[in-house]
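Novice: Shown below is the structure under consideration.
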Amino acid sequence: MGRMNHDKSRSFFGGRGFYIALVLCLAAIGVAGYFVLVQQAKVAEEGKDKPVVRQEEVENVQRAQMPEADPEPVQETLEPEELLPQVCSPLDGTTVTVFSMTELMYDETMADWRTHDGVDIRAEEGDAVKTAAAGTVKEVRYDDLMGVTVVISHADGYETQYSSLQQEPPVEQGKAVEAGDIIGLVGSTAAAEGDVGPHLHFSVSKDGRVVDPQEYVK
Ligand SMILES: [Zn+2]
């Protein structure tokens with residue numbers, strides 16, 4: 001029995017067994033090599049991801065360092081040419097009543113003393129009234145005292161108002177207008193200013209506060 005075993009083992013290592021062992025070794029090397037490659041591929045992939053992560057981190061840091069949406073307050077200026085760069089005169093005519101919010105002026109029509117929140121420009125009945133600056137028609141209305149009135153809203157909280165127009169001005173609410181567009185015709189519809197005759201009552205406001213139109217329109 002012992003001899004047979006010896007022979008078997010010798011034949012195993014010395015014969016076919018050697019080749020089996022060699023194949024097993026090669027297979028082991030192959031498997032090891034495969035895992036090394038897989039590992040390298042993983043490392044390469046991780047390496048590939050890293051810069052992206054880093055980029056996001058940098059952006060996060062930059063975002064954290066950037067100030068919140070809180071720009072420096074814009075210094076408001078009343079320089080007309082900056083605020084209404086394309087201002088034009090709404091009407092060629094004679095200014096018969098000036099803006100006066102601090103001094104009372106005698107009102108012939110109302111027979112009393114009152115302020116005047118705009119300028120009155122006298123002209124011929126039916127003369128074209130033009131938009132002083134680009135904007136949007138905010139309102140077309142009939143006012144018991146100021147008659148047919150068109151209000152245009154402009155950038156930066158400015159509004160211009162045109163009163164004492166003839167009935168049915170050729171604009172409607174929401175219409176975009178350019179400086180110089182005709183938005184009405186001179187009329188006599190302002191009951192409060194009937195004694196002035198055909199004229200345009202023109203006023204300008206900034207954030208709801210009237211300002212002297214002659215500061216803007218020469
Ligand atoms: Zn007036």
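Residue numbering restarts at 1 in every chain; chains get A, B, ... in the order shown in the structure tokens, and ligands count up from 1 in that same order.
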Go through the chains and note each residue within 8 Å of ligand 1, using only C-alpha atoms and all ligand atoms, then give the set as a PDB file with N, CA, C and O atoms, in the first residue's frame.

Specialist:
```pdb
ATOM      1  N   THR A  97     -50.379 128.290 -15.718  1.00  0.00           N
ATOM      2  CA  THR A  97     -50.400 128.084 -14.271  1.00  0.00           C
ATOM      3  C   THR A  97     -49.244 127.171 -13.919  1.00  0.00           C
ATOM      4  O   THR A  97     -49.084 126.106 -14.531  1.00  0.00           O
ATOM      5  N   HIS A 116     -51.581 123.726  -6.595  1.00  0.00           N
ATOM      6  CA  HIS A 116     -51.698 123.239  -7.970  1.00  0.00           C
ATOM      7  C   HIS A 116     -50.620 122.192  -8.188  1.00  0.00           C
ATOM      8  O   HIS A 116     -49.425 122.503  -8.152  1.00  0.00           O
ATOM      9  N   ASP A 117     -51.041 120.934  -8.416  1.00  0.00           N
ATOM     10  CA  ASP A 117     -50.067 119.827  -8.425  1.00  0.00           C
ATOM     11  C   ASP A 117     -49.455 119.569  -9.799  1.00  0.00           C
ATOM     12  O   ASP A 117     -48.885 118.498 -10.037  1.00  0.00           O
ATOM     13  N   GLY A 118     -49.592 120.521 -10.706  1.00  0.00           N
ATOM     14  CA  GLY A 118     -48.995 120.346 -12.025  1.00  0.00           C
ATOM     15  C   GLY A 118     -48.841 121.688 -12.714  1.00  0.00           C
ATOM     16  O   GLY A 118     -48.803 122.729 -12.048  1.00  0.00           O
ATOM     17  N   VAL A 119     -48.718 121.634 -14.008  1.00  0.00           N
ATOM     18  CA  VAL A 119     -48.684 122.880 -14.784  1.00  0.00           C
ATOM     19  C   VAL A 119     -49.852 122.859 -15.773  1.00  0.00           C
ATOM     20  O   VAL A 119     -50.263 121.799 -16.235  1.00  0.00           O
ATOM     21  N   ASP A 120     -50.368 124.029 -16.056  1.00  0.00           N
ATOM     22  CA  ASP A 120     -51.412 124.151 -17.075  1.00  0.00           C
ATOM     23  C   ASP A 120     -50.785 124.761 -18.321  1.00  0.00           C
ATOM     24  O   ASP A 120     -50.170 125.838 -18.263  1.00  0.00           O
ATOM     25  N   MET A 146     -60.858 117.106 -12.731  1.00  0.00           N
ATOM     26  CA  MET A 146     -59.777 117.264 -13.708  1.00  0.00           C
ATOM     27  C   MET A 146     -60.127 116.763 -15.107  1.00  0.00           C
ATOM     28  O   MET A 146     -59.332 116.849 -16.021  1.00  0.00           O
ATOM     29  N   SER A 163     -54.372 115.766 -17.902  1.00  0.00           N
ATOM     30  CA  SER A 163     -55.800 115.989 -17.635  1.00  0.00           C
ATOM     31  C   SER A 163     -56.350 117.092 -18.518  1.00  0.00           C
ATOM     32  O   SER A 163     -55.603 117.843 -19.162  1.00  0.00           O
ATOM     33  N   GLU A 193     -60.831 123.628 -13.638  1.00  0.00           N
ATOM     34  CA  GLU A 193     -59.956 124.605 -14.284  1.00  0.00           C
ATOM     35  C   GLU A 193     -60.618 125.170 -15.546  1.00  0.00           C
ATOM     36  O   GLU A 193     -59.953 125.514 -16.512  1.00  0.00           O
ATOM     37  N   LEU A 200     -53.890 121.708 -21.241  1.00  0.00           N
ATOM     38  CA  LEU A 200     -53.477 120.435 -20.654  1.00  0.00           C
ATOM     39  C   LEU A 200     -53.031 120.701 -19.227  1.00  0.00           C
ATOM     40  O   LEU A 200     -52.217 121.590 -18.978  1.00  0.00           O
ATOM     41  N   HIS A 201     -53.602 119.971 -18.313  1.00  0.00           N
ATOM     42  CA  HIS A 201     -53.067 119.984 -16.946  1.00  0.00           C
ATOM     43  C   HIS A 201     -52.119 118.791 -16.866  1.00  0.00           C
ATOM     44  O   HIS A 201     -52.533 117.647 -17.012  1.00  0.00           O
ATOM     45  N   PHE A 202     -50.841 119.085 -16.674  1.00  0.00           N
ATOM     46  CA  PHE A 202     -49.807 118.049 -16.703  1.00  0.00           C
ATOM     47  C   PHE A 202     -49.124 117.964 -15.351  1.00  0.00           C
ATOM     48  O   PHE A 202     -48.669 118.980 -14.801  1.00  0.00           O
TER      49      PHE A 202
END
```

Novice: What does the structure give for the distance between CA of Gln166 in chain A and CA of Gly180 in chain A, in Å to one decimal?

Specialist: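 That distance, rounded to one decimal, is 17.9 Å.
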
Novice: Would you mind telling me which residue in A:Ala155, A:Val186, A:Ala192, A:Ala134 lies nearest to Ile121 in chain A when using only C-alpha atoms?

Specialist: A:Val186

Novice: Quick check, in Å to one decimal: how far apart do CA of Asp127 in chain A and CA of Lys175 in chain A lie?

Specialist: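 Going from CA of Asp127 in chain A over to CA of Lys175 in chain A, I get 21.2 Å.
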
Novice: Do a neighbour search on Asp144 in chain A at 8 Å with only C-alpha atoms, toss out local chain neighbours closer than 2 positions, and write the hits as an MDAnalysis selection string.

Specialist: chainID A and resid 142 146:147 190:191

Novice: Using DSSP secondary structure from the backbone, list all strand (DSSP E or B) positions within range 63-184 of chain A, as a VMD selection string.

Specialist: chain A and resid 94 to 97 100 to 107 112 to 116 119 to 122 128 to 130 135 to 143 147 to 153 158 to 165 176 to 177 182 to 184

Novice: Write out the residues from the selection above, keeping N, CA and C atoms, as a short mmCIF file (atom, residue, chain, number, x, y, z; two decimals), in the first residue's frame.

Specialist:
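Contents of the output file again_8.cif:
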```
data_model
loop_
_atom_site.label_atom_id
_atom_site.label_comp_id
_atom_site.auth_asym_id
_atom_site.auth_seq_id
_atom_site.Cartn_x
_atom_site.Cartn_y
_atom_site.Cartn_z
N THR A 94 -48.58 127.58 -24.05
CA THR A 94 -48.16 128.57 -23.08
C THR A 94 -48.50 128.08 -21.69
N THR A 95 -47.49 128.04 -20.84
CA THR A 95 -47.74 127.63 -19.45
C THR A 95 -48.40 128.80 -18.74
N VAL A 96 -49.65 128.57 -18.33
CA VAL A 96 -50.40 129.65 -17.72
C VAL A 96 -50.53 129.50 -16.21
N THR A 97 -50.38 128.29 -15.72
CA THR A 97 -50.40 128.08 -14.27
C THR A 97 -49.24 127.17 -13.92
N SER A 100 -47.43 124.52 -7.83
CA SER A 100 -47.28 125.17 -6.54
C SER A 100 -47.94 124.34 -5.46
N MET A 101 -47.12 123.64 -4.72
CA MET A 101 -47.66 122.80 -3.64
C MET A 101 -47.39 123.42 -2.28
N THR A 102 -46.56 124.45 -2.24
CA THR A 102 -46.26 125.06 -0.95
C THR A 102 -46.98 126.41 -0.80
N GLU A 103 -47.19 127.09 -1.91
CA GLU A 103 -47.91 128.37 -1.82
C GLU A 103 -49.28 128.22 -2.46
N LEU A 104 -50.26 128.72 -1.77
CA LEU A 104 -51.62 128.68 -2.32
C LEU A 104 -51.74 129.72 -3.44
N MET A 105 -52.47 129.33 -4.46
CA MET A 105 -52.71 130.26 -5.57
C MET A 105 -54.22 130.43 -5.73
N TYR A 106 -54.61 131.62 -6.14
CA TYR A 106 -56.04 131.86 -6.29
C TYR A 106 -56.56 131.15 -7.54
N ASP A 107 -57.60 130.39 -7.38
CA ASP A 107 -58.18 129.62 -8.48
C ASP A 107 -59.44 130.34 -8.95
N ASP A 112 -61.29 130.19 -5.05
CA ASP A 112 -60.66 130.03 -3.73
C ASP A 112 -59.15 129.86 -3.92
N TRP A 113 -58.47 129.73 -2.81
CA TRP A 113 -57.01 129.56 -2.85
C TRP A 113 -56.68 128.10 -2.69
N ARG A 114 -55.86 127.62 -3.54
CA ARG A 114 -55.50 126.19 -3.46
C ARG A 114 -54.14 125.93 -4.10
N THR A 115 -53.65 124.75 -3.80
CA THR A 115 -52.37 124.35 -4.41
C THR A 115 -52.64 123.88 -5.84
N HIS A 116 -51.58 123.73 -6.60
CA HIS A 116 -51.70 123.24 -7.97
C HIS A 116 -50.62 122.19 -8.19
N VAL A 119 -48.72 121.63 -14.01
CA VAL A 119 -48.68 122.88 -14.78
C VAL A 119 -49.85 122.86 -15.77
N ASP A 120 -50.37 124.03 -16.06
CA ASP A 120 -51.41 124.15 -17.08
C ASP A 120 -50.78 124.76 -18.32
N ILE A 121 -50.90 124.04 -19.41
CA ILE A 121 -50.35 124.52 -20.68
C ILE A 121 -51.54 124.80 -21.62
N ARG A 122 -51.68 126.06 -21.93
CA ARG A 122 -52.80 126.44 -22.79
C ARG A 122 -52.43 126.23 -24.26
N ALA A 128 -52.50 118.06 -30.28
CA ALA A 128 -52.04 116.75 -29.83
C ALA A 128 -51.26 116.84 -28.51
N VAL A 129 -51.59 115.96 -27.60
CA VAL A 129 -50.84 115.86 -26.34
C VAL A 129 -49.98 114.61 -26.42
N LYS A 130 -48.68 114.80 -26.16
CA LYS A 130 -47.74 113.69 -26.34
C LYS A 130 -47.25 113.13 -25.00
N GLY A 135 -43.32 104.57 -21.37
CA GLY A 135 -43.94 103.96 -20.20
C GLY A 135 -45.13 103.12 -20.61
N THR A 136 -46.02 102.92 -19.65
CA THR A 136 -47.22 102.11 -19.88
C THR A 136 -48.43 102.89 -19.40
N VAL A 137 -49.50 102.85 -20.18
CA VAL A 137 -50.73 103.54 -19.76
C VAL A 137 -51.28 102.82 -18.54
N LYS A 138 -51.31 103.55 -17.44
CA LYS A 138 -51.79 102.95 -16.18
C LYS A 138 -53.30 103.10 -16.04
N GLU A 139 -53.79 104.21 -16.54
CA GLU A 139 -55.19 104.52 -16.28
C GLU A 139 -55.71 105.51 -17.32
N VAL A 140 -56.93 105.30 -17.75
CA VAL A 140 -57.66 106.29 -18.54
C VAL A 140 -58.97 106.49 -17.79
N ARG A 141 -59.20 107.69 -17.29
CA ARG A 141 -60.39 107.87 -16.45
C ARG A 141 -60.99 109.25 -16.65
N TYR A 142 -62.19 109.37 -16.16
CA TYR A 142 -62.81 110.68 -16.13
C TYR A 142 -62.87 111.13 -14.68
N ASP A 143 -62.30 112.28 -14.43
CA ASP A 143 -62.24 112.82 -13.08
C ASP A 143 -63.22 114.00 -12.99
N GLY A 147 -61.34 116.25 -15.27
CA GLY A 147 -61.80 115.84 -16.60
C GLY A 147 -61.15 114.57 -17.09
N VAL A 148 -61.10 114.43 -18.42
CA VAL A 148 -60.53 113.22 -19.02
C VAL A 148 -59.04 113.19 -18.71
N THR A 149 -58.63 112.11 -18.09
CA THR A 149 -57.26 112.02 -17.57
C THR A 149 -56.60 110.71 -18.00
N VAL A 150 -55.35 110.82 -18.45
CA VAL A 150 -54.55 109.65 -18.78
C VAL A 150 -53.35 109.64 -17.83
N VAL A 151 -53.08 108.50 -17.22
CA VAL A 151 -51.92 108.36 -16.33
C VAL A 151 -50.96 107.35 -16.96
N ILE A 152 -49.70 107.75 -17.08
CA ILE A 152 -48.67 106.86 -17.63
C ILE A 152 -47.67 106.54 -16.52
N SER A 153 -47.36 105.27 -16.36
CA SER A 153 -46.33 104.92 -15.38
C SER A 153 -45.01 104.68 -16.10
N TYR A 158 -41.92 106.69 -11.37
CA TYR A 158 -42.43 107.95 -11.92
C TYR A 158 -43.77 107.74 -12.62
N GLU A 159 -44.61 108.73 -12.50
CA GLU A 159 -45.87 108.74 -13.24
C GLU A 159 -46.08 110.13 -13.82
N THR A 160 -46.64 110.17 -15.00
CA THR A 160 -47.06 111.45 -15.55
C THR A 160 -48.57 111.39 -15.75
N GLN A 161 -49.20 112.51 -15.53
CA GLN A 161 -50.67 112.56 -15.64
C GLN A 161 -51.06 113.70 -16.56
N TYR A 162 -52.01 113.41 -17.43
CA TYR A 162 -52.46 114.38 -18.44
C TYR A 162 -53.96 114.55 -18.27
N SER A 163 -54.37 115.77 -17.90
CA SER A 163 -55.80 115.99 -17.63
C SER A 163 -56.35 117.09 -18.52
N SER A 164 -57.67 117.22 -18.49
CA SER A 164 -58.42 118.18 -19.30
C SER A 164 -58.35 117.83 -20.78
N LEU A 165 -58.24 116.55 -21.06
CA LEU A 165 -58.19 116.09 -22.46
C LEU A 165 -59.61 115.99 -23.02
N ALA A 176 -48.30 100.09 -24.09
CA ALA A 176 -46.94 100.63 -23.97
C ALA A 176 -46.81 101.85 -24.88
N VAL A 177 -46.20 102.89 -24.36
CA VAL A 177 -46.04 104.12 -25.15
C VAL A 177 -44.59 104.58 -25.12
N ILE A 182 -48.81 110.19 -29.20
CA ILE A 182 -49.99 111.00 -28.88
C ILE A 182 -50.93 110.18 -28.00
N ILE A 183 -51.26 110.73 -26.83
CA ILE A 183 -52.14 110.00 -25.91
C ILE A 183 -53.44 110.75 -25.67
N GLY A 184 -53.61 111.87 -26.32
CA GLY A 184 -54.86 112.59 -26.13
C GLY A 184 -54.84 113.92 -26.89
#
```

Novice: Taking only C-alpha atoms into account, name the residue in A:Val211, A:Val204, A:Leu145, A:Val196 that is nearest to Glu108 in chain A.

Specialist: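 Residue with the minimum atom-to-atom distance to Glu108 in chain A: A:Val196.
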